[in-house]
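Below: one structure, written as structure tokens.
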Amino acid sequence: MDELNGTIFYRPEQKDNNNLQVTVFDANNSPRVFSLADFHKSIITFGREQDNDISLSSPLVSRKHGRFVRTVNGWRIEDADSLNGLTYNEAMVKARDLADGDFVRIDDNLEAMEEGVLFVFSSAESVNKW
């Protein structure tokens, strides 16, 4: 909290999202957890092709679907002009800065969600508390 001329301003604590973890629910496969920092890269790709850093099996995922990018503020998710895109809070997004508690879906809004992918993001301090 800061005080200026008798007025108190609340500033939420800024969490370090450089140590962000992602739990991946990929179609009917068991969930997998990745620490993005453990890749030791500034760009981490994901998609159906095996040469992606994170390979996904859902038929709703493009071969080169997207990437996680390390920025000065932490991690960002970006779509790579995929067919089904990325959905955050029921809206399609091309890119989004990520924070603890965020989730992003890959689906076509037609098939049941179990055919798609769900990314759930958490900080190291709050892993699996969702």
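Ligands are numbered from 1 in the order shown, residues from 1 within each chain, and chains are lettered A, B, ... in the order they appear in the structure tokens.
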
Can you list every residue in chain A that DSSP puts in helix (DSSP H, G or I), as number ranges by chain?
A: 17-19, 36-39, 113-115, 124-126

Export of the given selection (N, CA, C and O atoms) as a compact mmCIF listing (two decimals), in the first residue's frame:
# COMPACT_ATOMS: atom_id res chain seq x y z
N ASN A 17 6.19 -14.21 -12.65
CA ASN A 17 5.66 -15.30 -13.46
C ASN A 17 6.74 -15.90 -14.36
O ASN A 17 6.45 -16.62 -15.29
N ASN A 18 8.02 -15.60 -14.06
CA ASN A 18 9.11 -16.25 -14.79
C ASN A 18 9.20 -17.73 -14.44
O ASN A 18 9.77 -18.51 -15.18
N ASN A 19 8.67 -18.12 -13.30
CA ASN A 19 8.70 -19.51 -12.85
C ASN A 19 7.32 -20.15 -13.02
O ASN A 19 6.90 -20.93 -12.19
N LEU A 36 7.91 -23.90 -17.31
CA LEU A 36 8.40 -23.27 -18.54
C LEU A 36 9.88 -22.91 -18.44
O LEU A 36 10.62 -23.01 -19.42
N ALA A 37 10.34 -22.51 -17.27
CA ALA A 37 11.75 -22.14 -17.09
C ALA A 37 12.67 -23.34 -17.30
O ALA A 37 13.82 -23.18 -17.70
N ASP A 38 12.17 -24.56 -17.05
CA ASP A 38 13.00 -25.75 -17.18
C ASP A 38 13.41 -26.04 -18.63
O ASP A 38 14.32 -26.83 -18.86
N PHE A 39 12.76 -25.41 -19.59
CA PHE A 39 13.14 -25.61 -20.99
C PHE A 39 14.43 -24.83 -21.32
O PHE A 39 15.06 -25.11 -22.33
N MET A 113 -15.30 -30.90 -25.16
CA MET A 113 -14.02 -30.38 -24.70
C MET A 113 -12.98 -31.48 -24.50
O MET A 113 -11.80 -31.25 -24.65
N GLU A 114 -13.42 -32.71 -24.22
CA GLU A 114 -12.43 -33.77 -24.01
C GLU A 114 -11.60 -34.06 -25.26
O GLU A 114 -10.59 -34.73 -25.19
N GLU A 115 -12.01 -33.56 -26.40
CA GLU A 115 -11.22 -33.70 -27.63
C GLU A 115 -10.17 -32.60 -27.76
O GLU A 115 -9.26 -32.70 -28.56
N ALA A 124 4.92 -21.43 -9.04
CA ALA A 124 5.50 -22.53 -8.27
C ALA A 124 4.88 -22.61 -6.88
O ALA A 124 4.73 -23.68 -6.32
N GLU A 125 4.49 -21.45 -6.32
CA GLU A 125 3.93 -21.42 -4.98
C GLU A 125 2.51 -21.97 -4.92
O GLU A 125 2.04 -22.38 -3.88
N SER A 126 1.78 -21.94 -6.02
CA SER A 126 0.38 -22.32 -5.98
C SER A 126 0.07 -23.53 -6.85
O SER A 126 -1.07 -23.78 -7.19

Just the residues within 8 Å of Arg76 of chain A, please, counting only C-alpha atoms, with nothing from its chain fewer than 2 positions along; format it as a list in words.
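In the requested format, the answer is Phe68, Val69, Arg70, Thr71, Gly74, Glu78, Ala95, Arg96, Asp97 and Leu98 of chain A.
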
Resulting file, chosen residues, C-alpha atoms, as a tab-separated table (two decimals), in the first residue's frame:
chain	number	residue	atom	x	y	z
A	68	PHE	CA	5.20	-19.62	-25.11
A	69	VAL	CA	7.49	-16.58	-25.22
A	70	ARG	CA	9.55	-15.26	-22.31
A	71	THR	CA	9.22	-11.47	-22.07
A	74	GLY	CA	7.26	-13.08	-17.64
A	78	GLU	CA	0.95	-16.72	-28.81
A	95	ALA	CA	-1.53	-13.47	-27.78
A	96	ARG	CA	-1.91	-13.14	-24.03
A	97	ASP	CA	0.41	-12.38	-21.10
A	98	LEU	CA	0.08	-15.22	-18.62

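Distance annotation: of A:Leu118, A:Gly66, A:Arg32, A:Leu110, the residue with the minimal separation from Tyr88 of chain A is A:Leu118; atom set is only C-alpha atoms.
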
Which residue gives the smallest distance to Arg48 of chain A among A:Ser35, A:Asn84, A:Lys64, A:Ile77, with only C-alpha atoms counted?
A:Lys64

One decimal, Å: what's the distance from atom CA of Ala80 of chain A over to atom CA of Ser42 of chain A, could you say?
15.8 Å

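Between atom CA of Ser122 of chain A and atom CA of Val93 of chain A the interatomic distance comes to 19.5 Å.
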
Select from chain A everything DSSP, run on the backbone, classes as strand (DSSP E or B), then give the selection as a PyMOL selection string.
chain A and resi 2-4+7-9+21-26+32-35+43-47+54-55+66-71+74-79+86-88+91-93+95-97+103-106+117-122

Neighbour list for Ser30 of chain A as an NGL selection string, cut-off 12 Å, only C-alpha atoms, skip fewer than 6 positions in-chain:
:A and (23-24 or 56-57 or 114 or 117-118)

Could you write out the selected residues, including all heavy atoms, as a PDB file, in the first residue's frame?
ATOM      1  N   THR A  23      -0.081 -26.913 -16.512  1.00  0.00           N
ATOM      2  CA  THR A  23      -0.632 -28.268 -16.513  1.00  0.00           C
ATOM      3  C   THR A  23      -1.411 -28.402 -17.813  1.00  0.00           C
ATOM      4  O   THR A  23      -2.261 -27.574 -18.121  1.00  0.00           O
ATOM      5  CB  THR A  23      -1.548 -28.504 -15.303  1.00  0.00           C
ATOM      6  OG1 THR A  23      -0.796 -28.269 -14.107  1.00  0.00           O
ATOM      7  CG2 THR A  23      -2.085 -29.925 -15.294  1.00  0.00           C
ATOM      8  N   VAL A  24      -1.086 -29.437 -18.581  1.00  0.00           N
ATOM      9  CA  VAL A  24      -1.675 -29.633 -19.905  1.00  0.00           C
ATOM     10  C   VAL A  24      -2.626 -30.825 -19.853  1.00  0.00           C
ATOM     11  O   VAL A  24      -2.210 -31.944 -19.541  1.00  0.00           O
ATOM     12  CB  VAL A  24      -0.580 -29.880 -20.965  1.00  0.00           C
ATOM     13  CG1 VAL A  24      -1.209 -30.089 -22.337  1.00  0.00           C
ATOM     14  CG2 VAL A  24       0.423 -28.733 -20.985  1.00  0.00           C
ATOM     15  N   LEU A  56       1.442 -32.274 -28.606  1.00  0.00           N
ATOM     16  CA  LEU A  56       0.061 -32.521 -28.204  1.00  0.00           C
ATOM     17  C   LEU A  56      -0.575 -33.499 -29.184  1.00  0.00           C
ATOM     18  O   LEU A  56      -0.230 -33.510 -30.363  1.00  0.00           O
ATOM     19  CB  LEU A  56      -0.716 -31.205 -28.170  1.00  0.00           C
ATOM     20  CG  LEU A  56      -0.121 -30.108 -27.277  1.00  0.00           C
ATOM     21  CD1 LEU A  56      -0.789 -28.774 -27.529  1.00  0.00           C
ATOM     22  CD2 LEU A  56      -0.239 -30.509 -25.818  1.00  0.00           C
ATOM     23  N   SER A  57      -1.520 -34.303 -28.723  1.00  0.00           N
ATOM     24  CA  SER A  57      -2.110 -35.324 -29.590  1.00  0.00           C
ATOM     25  C   SER A  57      -3.523 -35.002 -30.062  1.00  0.00           C
ATOM     26  O   SER A  57      -4.037 -35.674 -30.942  1.00  0.00           O
ATOM     27  CB  SER A  57      -2.101 -36.675 -28.875  1.00  0.00           C
ATOM     28  OG  SER A  57      -2.931 -36.624 -27.736  1.00  0.00           O
ATOM     29  N   GLU A 114     -13.415 -32.711 -24.221  1.00  0.00           N
ATOM     30  CA  GLU A 114     -12.426 -33.768 -24.008  1.00  0.00           C
ATOM     31  C   GLU A 114     -11.601 -34.058 -25.258  1.00  0.00           C
ATOM     32  O   GLU A 114     -10.590 -34.726 -25.192  1.00  0.00           O
ATOM     33  CB  GLU A 114     -13.061 -35.050 -23.463  1.00  0.00           C
ATOM     34  CG  GLU A 114     -14.048 -35.706 -24.377  1.00  0.00           C
ATOM     35  CD  GLU A 114     -15.499 -35.386 -24.024  1.00  0.00           C
ATOM     36  OE1 GLU A 114     -15.739 -34.497 -23.204  1.00  0.00           O
ATOM     37  OE2 GLU A 114     -16.380 -36.025 -24.594  1.00  0.00           O
ATOM     38  N   VAL A 117      -7.725 -29.244 -25.845  1.00  0.00           N
ATOM     39  CA  VAL A 117      -6.606 -29.087 -24.914  1.00  0.00           C
ATOM     40  C   VAL A 117      -6.942 -27.958 -23.952  1.00  0.00           C
ATOM     41  O   VAL A 117      -7.522 -26.944 -24.351  1.00  0.00           O
ATOM     42  CB  VAL A 117      -5.298 -28.761 -25.677  1.00  0.00           C
ATOM     43  CG1 VAL A 117      -4.174 -28.401 -24.720  1.00  0.00           C
ATOM     44  CG2 VAL A 117      -4.894 -29.929 -26.563  1.00  0.00           C
ATOM     45  N   LEU A 118      -6.564 -28.140 -22.702  1.00  0.00           N
ATOM     46  CA  LEU A 118      -6.698 -27.094 -21.701  1.00  0.00           C
ATOM     47  C   LEU A 118      -5.340 -26.884 -21.059  1.00  0.00           C
ATOM     48  O   LEU A 118      -4.716 -27.850 -20.593  1.00  0.00           O
ATOM     49  CB  LEU A 118      -7.727 -27.496 -20.636  1.00  0.00           C
ATOM     50  CG  LEU A 118      -7.908 -26.521 -19.477  1.00  0.00           C
ATOM     51  CD1 LEU A 118      -8.492 -25.203 -19.945  1.00  0.00           C
ATOM     52  CD2 LEU A 118      -8.788 -27.152 -18.401  1.00  0.00           C
TER      53      LEU A 118
END

Selected residue, from A:Ile44, A:Asn28, A:Val120, A:Val72, that lies nearest to Arg105 of chain A when counting only C-alpha atoms
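Checking each of A:Ile44, A:Asn28, A:Val120, A:Val72 against Arg105 of chain A, counting only C-alpha atoms, the winner is A:Val120.
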
Have a look at A:Gly47, A:Gly116, A:Glu90, A:Leu20 and name the one nearest to Phe34 of chain A; count only C-alpha atoms.
A:Leu20

Near-Asp81 of chain A list (10 Å; only C-alpha atoms; drop same-chain fewer than 4 positions) as a PDB file with all heavy atoms, in the first residue's frame:
ATOM      1  N   SER A  62      -3.223 -27.767 -34.250  1.00  0.00           N
ATOM      2  CA  SER A  62      -2.464 -27.688 -35.503  1.00  0.00           C
ATOM      3  C   SER A  62      -1.058 -28.244 -35.309  1.00  0.00           C
ATOM      4  O   SER A  62      -0.575 -28.365 -34.178  1.00  0.00           O
ATOM      5  CB  SER A  62      -2.369 -26.235 -35.975  1.00  0.00           C
ATOM      6  OG  SER A  62      -3.654 -25.730 -36.276  1.00  0.00           O
ATOM      7  N   LYS A  64       1.824 -26.887 -35.915  1.00  0.00           N
ATOM      8  CA  LYS A  64       2.605 -25.829 -35.245  1.00  0.00           C
ATOM      9  C   LYS A  64       1.581 -24.848 -34.692  1.00  0.00           C
ATOM     10  O   LYS A  64       1.307 -23.814 -35.278  1.00  0.00           O
ATOM     11  CB  LYS A  64       3.534 -25.124 -36.229  1.00  0.00           C
ATOM     12  CG  LYS A  64       4.528 -26.022 -36.914  1.00  0.00           C
ATOM     13  CD  LYS A  64       5.694 -26.280 -36.009  1.00  0.00           C
ATOM     14  CE  LYS A  64       6.775 -27.044 -36.754  1.00  0.00           C
ATOM     15  NZ  LYS A  64       7.787 -27.561 -35.857  1.00  0.00           N
ATOM     16  N   HIS A  65       0.991 -25.159 -33.563  1.00  0.00           N
ATOM     17  CA  HIS A  65      -0.159 -24.403 -33.074  1.00  0.00           C
ATOM     18  C   HIS A  65       0.211 -23.063 -32.446  1.00  0.00           C
ATOM     19  O   HIS A  65      -0.429 -22.047 -32.710  1.00  0.00           O
ATOM     20  CB  HIS A  65      -0.952 -25.238 -32.069  1.00  0.00           C
ATOM     21  CG  HIS A  65      -2.346 -24.764 -31.897  1.00  0.00           C
ATOM     22  ND1 HIS A  65      -3.410 -25.336 -32.554  1.00  0.00           N
ATOM     23  CD2 HIS A  65      -2.858 -23.761 -31.166  1.00  0.00           C
ATOM     24  CE1 HIS A  65      -4.520 -24.694 -32.227  1.00  0.00           C
ATOM     25  NE2 HIS A  65      -4.212 -23.727 -31.372  1.00  0.00           N
ATOM     26  N   GLY A  66       1.234 -23.050 -31.613  1.00  0.00           N
ATOM     27  CA  GLY A  66       1.571 -21.802 -30.933  1.00  0.00           C
ATOM     28  C   GLY A  66       2.873 -21.907 -30.184  1.00  0.00           C
ATOM     29  O   GLY A  66       3.639 -22.859 -30.346  1.00  0.00           O
ATOM     30  N   GLY A  85      -7.095 -21.815 -33.105  1.00  0.00           N
ATOM     31  CA  GLY A  85      -6.686 -20.692 -32.274  1.00  0.00           C
ATOM     32  C   GLY A  85      -6.564 -21.015 -30.798  1.00  0.00           C
ATOM     33  O   GLY A  85      -6.459 -22.168 -30.384  1.00  0.00           O
ATOM     34  N   LEU A  86      -6.586 -19.952 -29.980  1.00  0.00           N
ATOM     35  CA  LEU A  86      -6.488 -20.026 -28.528  1.00  0.00           C
ATOM     36  C   LEU A  86      -7.690 -19.296 -27.939  1.00  0.00           C
ATOM     37  O   LEU A  86      -8.037 -18.209 -28.400  1.00  0.00           O
ATOM     38  CB  LEU A  86      -5.204 -19.352 -28.038  1.00  0.00           C
ATOM     39  CG  LEU A  86      -3.888 -19.889 -28.588  1.00  0.00           C
ATOM     40  CD1 LEU A  86      -2.736 -18.965 -28.209  1.00  0.00           C
ATOM     41  CD2 LEU A  86      -3.639 -21.302 -28.075  1.00  0.00           C
ATOM     42  N   LYS A  94      -5.008 -13.847 -30.005  1.00  0.00           N
ATOM     43  CA  LYS A  94      -3.788 -14.128 -30.779  1.00  0.00           C
ATOM     44  C   LYS A  94      -2.599 -14.239 -29.843  1.00  0.00           C
ATOM     45  O   LYS A  94      -1.667 -14.991 -30.107  1.00  0.00           O
ATOM     46  CB  LYS A  94      -3.530 -13.037 -31.815  1.00  0.00           C
ATOM     47  CG  LYS A  94      -4.509 -13.003 -32.956  1.00  0.00           C
ATOM     48  CD  LYS A  94      -4.443 -14.238 -33.815  1.00  0.00           C
ATOM     49  CE  LYS A  94      -3.191 -14.263 -34.654  1.00  0.00           C
ATOM     50  NZ  LYS A  94      -3.010 -15.516 -35.379  1.00  0.00           N
TER      51      LYS A  94
END

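Nearest to Ile43 of chain A of all the residues A:Trp75, A:Ala99, A:Phe121, A:Val104 is A:Trp75, counting only C-alpha atoms.
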